[in-house]
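Report on the following structure.
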Amino acid sequence: MPVSKKTKTDRPSGGETHQRAAPDGVPLTTNQAVPLADNQNSLKAGERGPSLLEDFILREKITHFDHERIPERIVHARGSAAHGYFEPYRSMKHVTSAAFLADPSVRTPVFARFSTVAGGAGSVDLPRDVRGFAVKFYTQQGNFDLVGNNIPVFFIQDAMKFPDLVHAVKMEADRGYPQAGSAHDTFWDFISLMPESFHMIMWAMSDRALPRSLRMMEGFGVNTFRLVNAAGVSNFVKFHWRPVLGTAAVLWDEAVKICGADPDFHRRDLFEAIESGSLPEYELGLQIVDPETAASLPFDILDATKLIPEEVVPVEMVGKMVLDRNPDNFFAETEQVAFCPSHIVPGIDFSEDPLLQGRLFSYQDTQLSRLGSPNFHQLPINRPKCPFANFQRDGQMQMGVPKGRANYEPNTLDPAGPRESRQGLKPVPVSVEGTKARIRPASFRDHYSQARLFYRSVTPQEQKHMAEALTFELSKVAIAEIRKRVLGHLEVIDRGLAETVASELGMAGEAIHPTPAAPPVDLPPSPALRLYGKYPPNLKGRKIGVLLGPGFDPAIQAKLAAAIRKEGAAAALIAVRVGGVEDAAGKAHPVHMALQTAPSVLFDAVAVLAGPAGDALLAKNADAVAFLMDACRHLKAIALHGASSLAEKSRVRAEAGVVALNASTVPEFIALARQGKVWEREN
Ligand code: HDE
């Protein structure tokens with residue numbers, strides 16, 4: 001039966017309200033460059049008839065779409081990245097022949113990707129988790145990937161345990177939850193049986209696992225590498241990154257609420273900072289350890305569950321990385337970038353750390369399955385920015401068109417072709433001898449001393465938050481035996497901590513005691529491990545939420561905004577409605593955000609300004625009350641002008657760190673906000 005019938009909804013090429021054809025635009029084409037006349041309708045047999053298989057345009061479009069996703073990373077799936085550059089402060093030729101560390105006038109392009117570990121690509125930015133800190137340096141001697149974390153040690157000592165660790169922390173095998181969180185039975189079951197993980201656990205339970213911003217966290221290469229100079233002299237090295245803005249973290253309750261208010265909190269923060277010209281900067285530090293010093297350390301330098309206190313071996317700052325450009329395309333760059341710790345350049349070499357040795361295999365292997373071809377190095381984001389040539393050929397998605405007959409070496413047919421060179425990568429000659437065995441060295445046995453060192457080195461606030469984090473995580477563990485085993489390990493680390501957690505769990509006296517393979521020792525504390533108080537207080541790069549109620553005083557608001565700008569911070573103006581708010585003279589002011597979308601967890605400090613009627617209105621608004629109550633609970637500096645009824649309702653008036661705002665107290669509020677949290681309020 002013919003299906004062609006004129007109907008009322010006859011639309012030759014789709015909707016009629018918007019101009020679709022851009023007369024001056026480039027033609028829309030298929031992937032074979034054939035121009036399209038209609039991108040709205042599939043090819044049909046008659047107006048109301050079935051679609052035709054012949055429609056290669058529809059099939060090309062849908063097929064491409066069907067294959068848009070690639071396997072996400074098995075760990076570190078959720079990440080945010082930026083382009084930038086690295087410049088050394090001075091030549092480091094005396095310790096390394098790496099060219100990117102040799103000449104302060106040379107800028108090396110970089111691509112940095114920050115990530116969470118456990119969650120999937122679509123998970124939230126602020127779970128309690130370790131953050132990845134991976135940097136690809138496109139040097140003149142080839143790519144160097146420094147694939148680190150924001151915590152200087154790792155959970156396990158041997159690569160053999162990595163799949164077990166990751167299986168345990170990721171969503172549970174039968175139920176498919178929780179997403180992106182370690183507070184569940186399988187993670188703590190595994191950890192409770194792995195004493196070597198407890199040093200890292202202390203860090204993961206600390207505020208380091210809740211960074212305020214990717215711009216405000218330290219980074220660490222974790223594994224021990226080697227530096228080698230042109231004369232062949234080599235030393236061990238640990239890599240460090242230090243954020244120029246200093247370190248900062250959010251509280252657990254803030255993190256939980258941020259995940260709801262803005263799941264992309266870190267990604268947005270990084271993107272907006274770069275867009276606004278507030279460029280993230282990190283200094284690169286080297287902790288260089290000669291072989292004699294390495295041998296004298298009270299632990300094995302090859303053990304990735306240990307750090308070298310800066311008080312023992314100082315960190316020398318050798319250069320700076322600046323991130324100055326957002327990716328043009330998230331998939332092509334942030335998703336397709338392939339980091340591999342095996343990507344080193346002459347002047348850098350590996351150590352025999354068994355975790356690193358496993359990593360040298362794993363990353364290359366994972367890229368093959370993720371990116372689908374041994375030619376992943378040809379993708380624009382992965383391509384070295386210096387010339388490269390060899391006789392590897394063909395393979396899926398080959399982008400190059402190699403010329404000539406010779407695809408082997410040695411050859412005589414192509415004398416100008418690529419050859420080995422004297423400046424090439426040479427391994428540091430390390431003599432190796434031993435019996436082949438699956439073995440863990442005795443020097444790796446002390447699992448608790450550095451966990452204790454870390455706990456006893458940090459500030460009382462950090463210690464308090466660690467106890468709270470352990471209590472929270474273990475409260476979500478259903479199997480009591482697991483909790484008891486964890487309490488046993490905590491007792492070995494620090495009795496006071498263990499007692500606090502046991503009592504908060506309602507499990508005093510129930511710990512199951514482990515037998516340490518090596519009894520822990522008291523090491524001298526390392527204040528450099530603190531998160532708070534290590535960097536000078538500042539407001540740079542922070543965001544202040546300024547809630548404006550109707551009838552607010554515009555002169556004070558302008559003064560406050562100018563003072564915030566002067567600090568290098570940003571003021572977000574908020575009103576009940578996104579359309580704006582009127583000041584005391586009835587003049588309308590535009591704002592950045594509506595109160596509903598701007599809970600105070602999104603800001604570092606807050607101010608509320610309102611006239612009498614505006615104050616009365618805000619005091620009746622549940623979002624405004626929650627705004628102030630949360631700012632108080634989350635230890636933020638608070639400034640109030642004419643918001644007394646709201647303050648009353650939110651019970652913040654008598655609290656520490658609340659400034660009565662007027663023209664002369666703006667500096668007082670700024671000085672308070674610079675300090676970060678108002679710690680006295682926490683107690
Ligand atoms: Fe990774 N890790 N890892 N890791 N890792 C991956 O590689 C692995 C380890 C780190 O932004 C994977 O491309 C093993 C330590 C970062 O793309 C995979 C072991 C440290 C990133 C892999 C470790 C890291 C990864 C998954 C133990 C800190 C994200 C996707 C032997 C120094 C990089 C990928 C990015 C990613 C394996 C331990 C950091 C599976 C086997 C220690 C920052 O290859």
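FYI, nothing fancy with the structure tokens labels: chains A, B, ... in order, residues from 1 per chain, ligands from 1 as they appear.
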Please provide as JSON, numbers by chain all residues within 8 Å of region 637-652 of chain A, with the sequence filter that same-chain residues fewer than 4 positions apart are discarded (counting only C-alpha atoms).
{"A": [552, 604, 605, 606, 607, 608, 609, 610, 611, 612, 615, 616, 618, 619, 620, 624, 625, 626, 628, 629, 631, 632, 657, 658, 659, 660, 661, 662, 669, 672, 673, 676, 677, 678]}
Could you write out the selected residues, including C-alpha atoms, as a short mmCIF file (atom, residue, chain, number, x, y, z; two decimals), in the first residue's frame?
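Output file again-v3.cif follows:
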```
data_model
loop_
_atom_site.label_atom_id
_atom_site.label_comp_id
_atom_site.auth_asym_id
_atom_site.auth_seq_id
_atom_site.Cartn_x
_atom_site.Cartn_y
_atom_site.Cartn_z
CA PHE A 552 21.93 46.17 50.56
CA ASP A 604 36.05 29.71 50.82
CA ALA A 605 34.49 32.53 52.85
CA VAL A 606 31.12 34.28 52.76
CA ALA A 607 29.54 37.71 53.25
CA VAL A 608 25.89 38.64 53.56
CA LEU A 609 24.70 42.21 52.94
CA ALA A 610 21.05 43.23 53.16
CA GLY A 611 18.75 46.13 54.04
CA PRO A 612 16.14 45.69 56.81
CA ASP A 615 17.18 40.78 55.99
CA ALA A 616 13.63 39.85 57.01
CA LEU A 618 16.40 36.19 53.92
CA ALA A 619 15.62 35.11 57.48
CA LYS A 620 12.50 33.40 56.10
CA ALA A 624 19.74 31.57 53.11
CA VAL A 625 19.64 30.07 56.62
CA ALA A 626 21.42 26.93 55.39
CA LEU A 628 25.02 30.79 56.77
CA MET A 629 24.70 27.78 59.07
CA ALA A 631 29.45 28.48 56.39
CA CYS A 632 29.68 28.51 60.18
CA GLY A 657 35.42 34.44 62.95
CA VAL A 658 32.26 36.50 62.30
CA VAL A 659 33.00 40.10 61.31
CA ALA A 660 30.42 42.92 61.55
CA LEU A 661 31.03 44.36 58.13
CA ASN A 662 31.32 48.09 57.52
CA PHE A 669 37.43 40.18 57.12
CA LEU A 672 40.55 36.39 58.52
CA ALA A 673 39.61 34.82 55.18
CA GLY A 676 41.57 29.64 55.57
CA LYS A 677 39.59 27.86 58.24
CA VAL A 678 38.62 29.42 61.60
#
```
Just the residues within 10 Å of Arg107 (chain A), please, counting only C-alpha atoms, with nothing from its chain fewer than 3 positions along; format it as a ChimeraX atom specification.
/A:84-88,100-101,103-104,110,138-139,321
Can you tell me which residues surround region 520-536 of chain A at a distance of at most 6 Å, considering only C-alpha atoms, apart from same-chain residues fewer than 6 positions away, and format the answer as a list of chain:residue names?
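Listed by chain and then number, they are A:Gly246, A:Tyr448, A:Ser449, A:Leu453, A:Ser457, A:Val458.
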Can I get the selection written as a PDB file, in the first residue's frame, with N, CA, C and O atoms?
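New file again-v7.pdb:
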```
ATOM      1  N   GLY A 246      49.768  27.151  47.631  1.00  0.00           N
ATOM      2  CA  GLY A 246      49.737  26.471  48.927  1.00  0.00           C
ATOM      3  C   GLY A 246      48.693  25.362  48.921  1.00  0.00           C
ATOM      4  O   GLY A 246      47.910  25.234  47.980  1.00  0.00           O
ATOM      5  N   TYR A 448      54.814  -0.187  60.200  1.00  0.00           N
ATOM      6  CA  TYR A 448      54.079   0.729  61.075  1.00  0.00           C
ATOM      7  C   TYR A 448      54.831   2.011  61.448  1.00  0.00           C
ATOM      8  O   TYR A 448      54.203   3.010  61.786  1.00  0.00           O
ATOM      9  N   SER A 449      56.170   1.990  61.425  1.00  0.00           N
ATOM     10  CA  SER A 449      56.909   3.155  61.962  1.00  0.00           C
ATOM     11  C   SER A 449      56.558   4.436  61.227  1.00  0.00           C
ATOM     12  O   SER A 449      56.374   5.484  61.840  1.00  0.00           O
ATOM     13  N   LEU A 453      54.915   7.854  62.298  1.00  0.00           N
ATOM     14  CA  LEU A 453      55.626   9.109  62.008  1.00  0.00           C
ATOM     15  C   LEU A 453      54.668  10.132  61.401  1.00  0.00           C
ATOM     16  O   LEU A 453      54.615  11.289  61.824  1.00  0.00           O
ATOM     17  N   SER A 457      53.273  13.648  63.157  1.00  0.00           N
ATOM     18  CA  SER A 457      53.886  14.852  62.586  1.00  0.00           C
ATOM     19  C   SER A 457      52.867  15.926  62.235  1.00  0.00           C
ATOM     20  O   SER A 457      53.208  17.091  62.109  1.00  0.00           O
ATOM     21  N   VAL A 458      51.605  15.530  62.019  1.00  0.00           N
ATOM     22  CA  VAL A 458      50.628  16.497  61.505  1.00  0.00           C
ATOM     23  C   VAL A 458      49.996  17.302  62.639  1.00  0.00           C
ATOM     24  O   VAL A 458      50.205  17.013  63.821  1.00  0.00           O
TER      25      VAL A 458
END
```
Contacts of Phe472 (chain A) at 10 Å (only C-alpha atoms; same-chain gap of 4+ positions) as a ChimeraX atom specification
/A:183,205,252,466-468,476-477,501,504-505
For ligand 1, which residue among A:Glu668, A:Asp303, A:Glu68, A:Glu310 is the nearest when counting only C-alpha atoms and all ligand atoms?
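Among the listed residues, the smallest separation from ligand 1 belongs to A:Asp303.
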I'd like to know which residues of region 414-608 of chain A are helix (DSSP H, G or I) (by DSSP, run on the backbone); could you write them as a PyMOL selection string?
chain A and resi 442-444+449-457+460-475+480-493+495-505+527-529+554-566+595-597+600-602
CA of Ser206 (chain A) and CA of Glu254 (chain A) are how many Å apart?
14.6 Å
Point-to-point distance from CA of Gly496 (chain A) to CA of Glu462 (chain A), Å rounded to tenths
14.3 Å
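Proximity of A:His489, A:Arg208, A:Gln364, A:Gly614 to Ile191 (chain A), computed with only C-alpha atoms, is greatest for A:His489.
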What's the separation between CA of Pro519 (chain A) and atom 42 (C, counted along the ligand's line) of ligand 1, in Å to one decimal place?
25.1 Å
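Closest approach to ligand 1 from the set A:Val337, A:Leu58, A:Val313, A:Met216 is made by A:Val337, with distances taken over only C-alpha atoms and all ligand atoms.
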With DSSP run on the backbone, what are the strand (DSSP E) residues within region 237-439 of chain A? I'd like them as a count of residues only.
29
With distances taken over only C-alpha atoms and all ligand atoms, which of A:Ala121, A:Met160, A:Ile556, A:Leu297 is nearest to ligand 1?
A:Met160
Polymer residues at most 12 Å from Lys540 (chain A), only C-alpha atoms, same-chain spacing of 5 or more positions, as an NGL selection string
:A and (215-216 or 243-248 or 273 or 278-281 or 563-571 or 604 or 670 or 673-676)
Shell around Leu371 (chain A) at 12 Å using only C-alpha atoms, local window under 2 positions removed, as a ChimeraX atom specification:
/A:68-73,331-332,335-339,363-369,373-379,382,396-397
Which is closer to ligand 1 than all the others in A:Ala168, A:Ala558, A:Leu146, A:Val601, using only C-alpha atoms and all ligand atoms?
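That would be A:Leu146, the residue with the smallest distance to ligand 1.
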When you look at Pro441 (chain A) with a cut-off of 12 Å (counting only C-alpha atoms), what residues show up, excluding the ones that are within fewer than 5 positions of it in the same chain? I need them as a ChimeraX atom specification.
/A:157-158,299-303,353-354,434,446,517
Output file for the residues above (all heavy atoms, as a CSV table (one decimal), in the first residue's frame):
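Result file follows (result.csv):
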```csv
chain,number,residue,atom,x,y,z
A,157,GLN,N,53.6,-2.8,48.3
A,157,GLN,CA,55.0,-2.8,48.0
A,157,GLN,C,55.4,-3.5,46.7
A,157,GLN,O,56.5,-3.3,46.2
A,157,GLN,CB,55.8,-3.5,49.1
A,157,GLN,CG,55.6,-2.8,50.5
A,157,GLN,CD,56.2,-3.5,51.6
A,157,GLN,OE1,56.1,-4.8,51.7
A,157,GLN,NE2,56.9,-2.8,52.5
A,158,ASP,N,54.5,-4.4,46.2
A,158,ASP,CA,54.8,-5.2,45.1
A,158,ASP,C,53.7,-5.1,44.1
A,158,ASP,O,52.5,-5.3,44.4
A,158,ASP,CB,55.0,-6.6,45.5
A,158,ASP,CG,55.6,-7.5,44.4
A,158,ASP,OD1,55.0,-7.7,43.4
A,158,ASP,OD2,56.7,-8.1,44.7
A,299,PHE,N,65.1,2.6,56.4
A,299,PHE,CA,64.1,1.8,55.6
A,299,PHE,C,64.7,1.7,54.2
A,299,PHE,O,65.7,2.3,53.9
A,299,PHE,CB,62.8,2.5,55.5
A,299,PHE,CG,62.9,3.9,55.0
A,299,PHE,CD1,62.8,4.2,53.7
A,299,PHE,CD2,63.0,5.0,55.9
A,299,PHE,CE1,63.0,5.5,53.2
A,299,PHE,CE2,63.2,6.3,55.4
A,299,PHE,CZ,63.2,6.5,54.1
A,300,ASP,N,64.1,0.9,53.4
A,300,ASP,CA,64.6,0.6,52.0
A,300,ASP,C,64.1,1.6,51.0
A,300,ASP,O,62.9,1.8,50.9
A,300,ASP,CB,64.2,-0.8,51.6
A,300,ASP,CG,65.0,-1.3,50.5
A,300,ASP,OD1,65.4,-0.5,49.6
A,300,ASP,OD2,65.4,-2.6,50.5
A,301,ILE,N,65.0,2.3,50.3
A,301,ILE,CA,64.6,3.3,49.4
A,301,ILE,C,63.8,2.7,48.2
A,301,ILE,O,63.1,3.4,47.5
A,301,ILE,CB,65.8,4.1,48.9
A,301,ILE,CG1,65.4,5.4,48.2
A,301,ILE,CG2,66.7,3.2,47.9
A,301,ILE,CD1,66.5,6.4,48.1
A,302,LEU,N,63.8,1.4,48.1
A,302,LEU,CA,63.0,0.7,47.0
A,302,LEU,C,61.6,0.4,47.4
A,302,LEU,O,60.8,-0.2,46.7
A,302,LEU,CB,63.7,-0.6,46.6
A,302,LEU,CG,65.2,-0.4,46.0
A,302,LEU,CD1,65.7,-1.7,45.6
A,302,LEU,CD2,65.2,0.6,44.9
A,303,ASP,N,61.3,0.7,48.7
A,303,ASP,CA,60.0,0.4,49.2
A,303,ASP,C,59.0,1.6,49.1
A,303,ASP,O,59.2,2.6,49.7
A,303,ASP,CB,60.1,0.0,50.7
A,303,ASP,CG,58.8,-0.2,51.4
A,303,ASP,OD1,57.8,-0.1,50.8
A,303,ASP,OD2,58.9,-0.6,52.6
A,353,ASP,N,62.7,-0.7,42.5
A,353,ASP,CA,61.4,-0.7,43.3
A,353,ASP,C,60.4,-1.7,42.6
A,353,ASP,O,60.0,-1.5,41.4
A,353,ASP,CB,60.9,0.7,43.3
A,353,ASP,CG,59.4,0.8,43.8
A,353,ASP,OD1,58.8,-0.2,44.0
A,353,ASP,OD2,59.0,2.0,44.1
A,354,PRO,N,60.0,-2.8,43.3
A,354,PRO,CA,59.2,-3.8,42.6
A,354,PRO,C,57.8,-3.3,42.2
A,354,PRO,O,57.1,-3.9,41.4
A,354,PRO,CB,59.0,-4.9,43.6
A,354,PRO,CG,59.4,-4.3,44.9
A,354,PRO,CD,60.3,-3.1,44.7
A,434,GLY,N,71.6,-12.7,42.4
A,434,GLY,CA,70.7,-13.3,43.4
A,434,GLY,C,70.1,-14.6,42.9
A,434,GLY,O,70.3,-15.0,41.8
A,446,ASP,N,59.1,-3.4,58.0
A,446,ASP,CA,58.6,-2.5,59.0
A,446,ASP,C,57.4,-1.7,58.4
A,446,ASP,O,57.5,-0.8,57.6
A,446,ASP,CB,59.7,-1.5,59.5
A,446,ASP,CG,59.1,-0.4,60.4
A,446,ASP,OD1,57.9,-0.5,60.7
A,446,ASP,OD2,59.9,0.4,60.9
A,517,ALA,N,55.5,-7.8,61.7
A,517,ALA,CA,56.7,-8.5,61.2
A,517,ALA,C,58.0,-7.9,61.8
A,517,ALA,O,59.0,-8.5,62.0
A,517,ALA,CB,56.7,-8.4,59.7
```
Selected residue, from A:Arg370, A:Lys44, A:Arg226, A:Lys543, that lies nearest to ligand 1 when counting only C-alpha atoms and all ligand atoms:
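Counting only C-alpha atoms and all ligand atoms, the residue closest to ligand 1 is A:Arg370.
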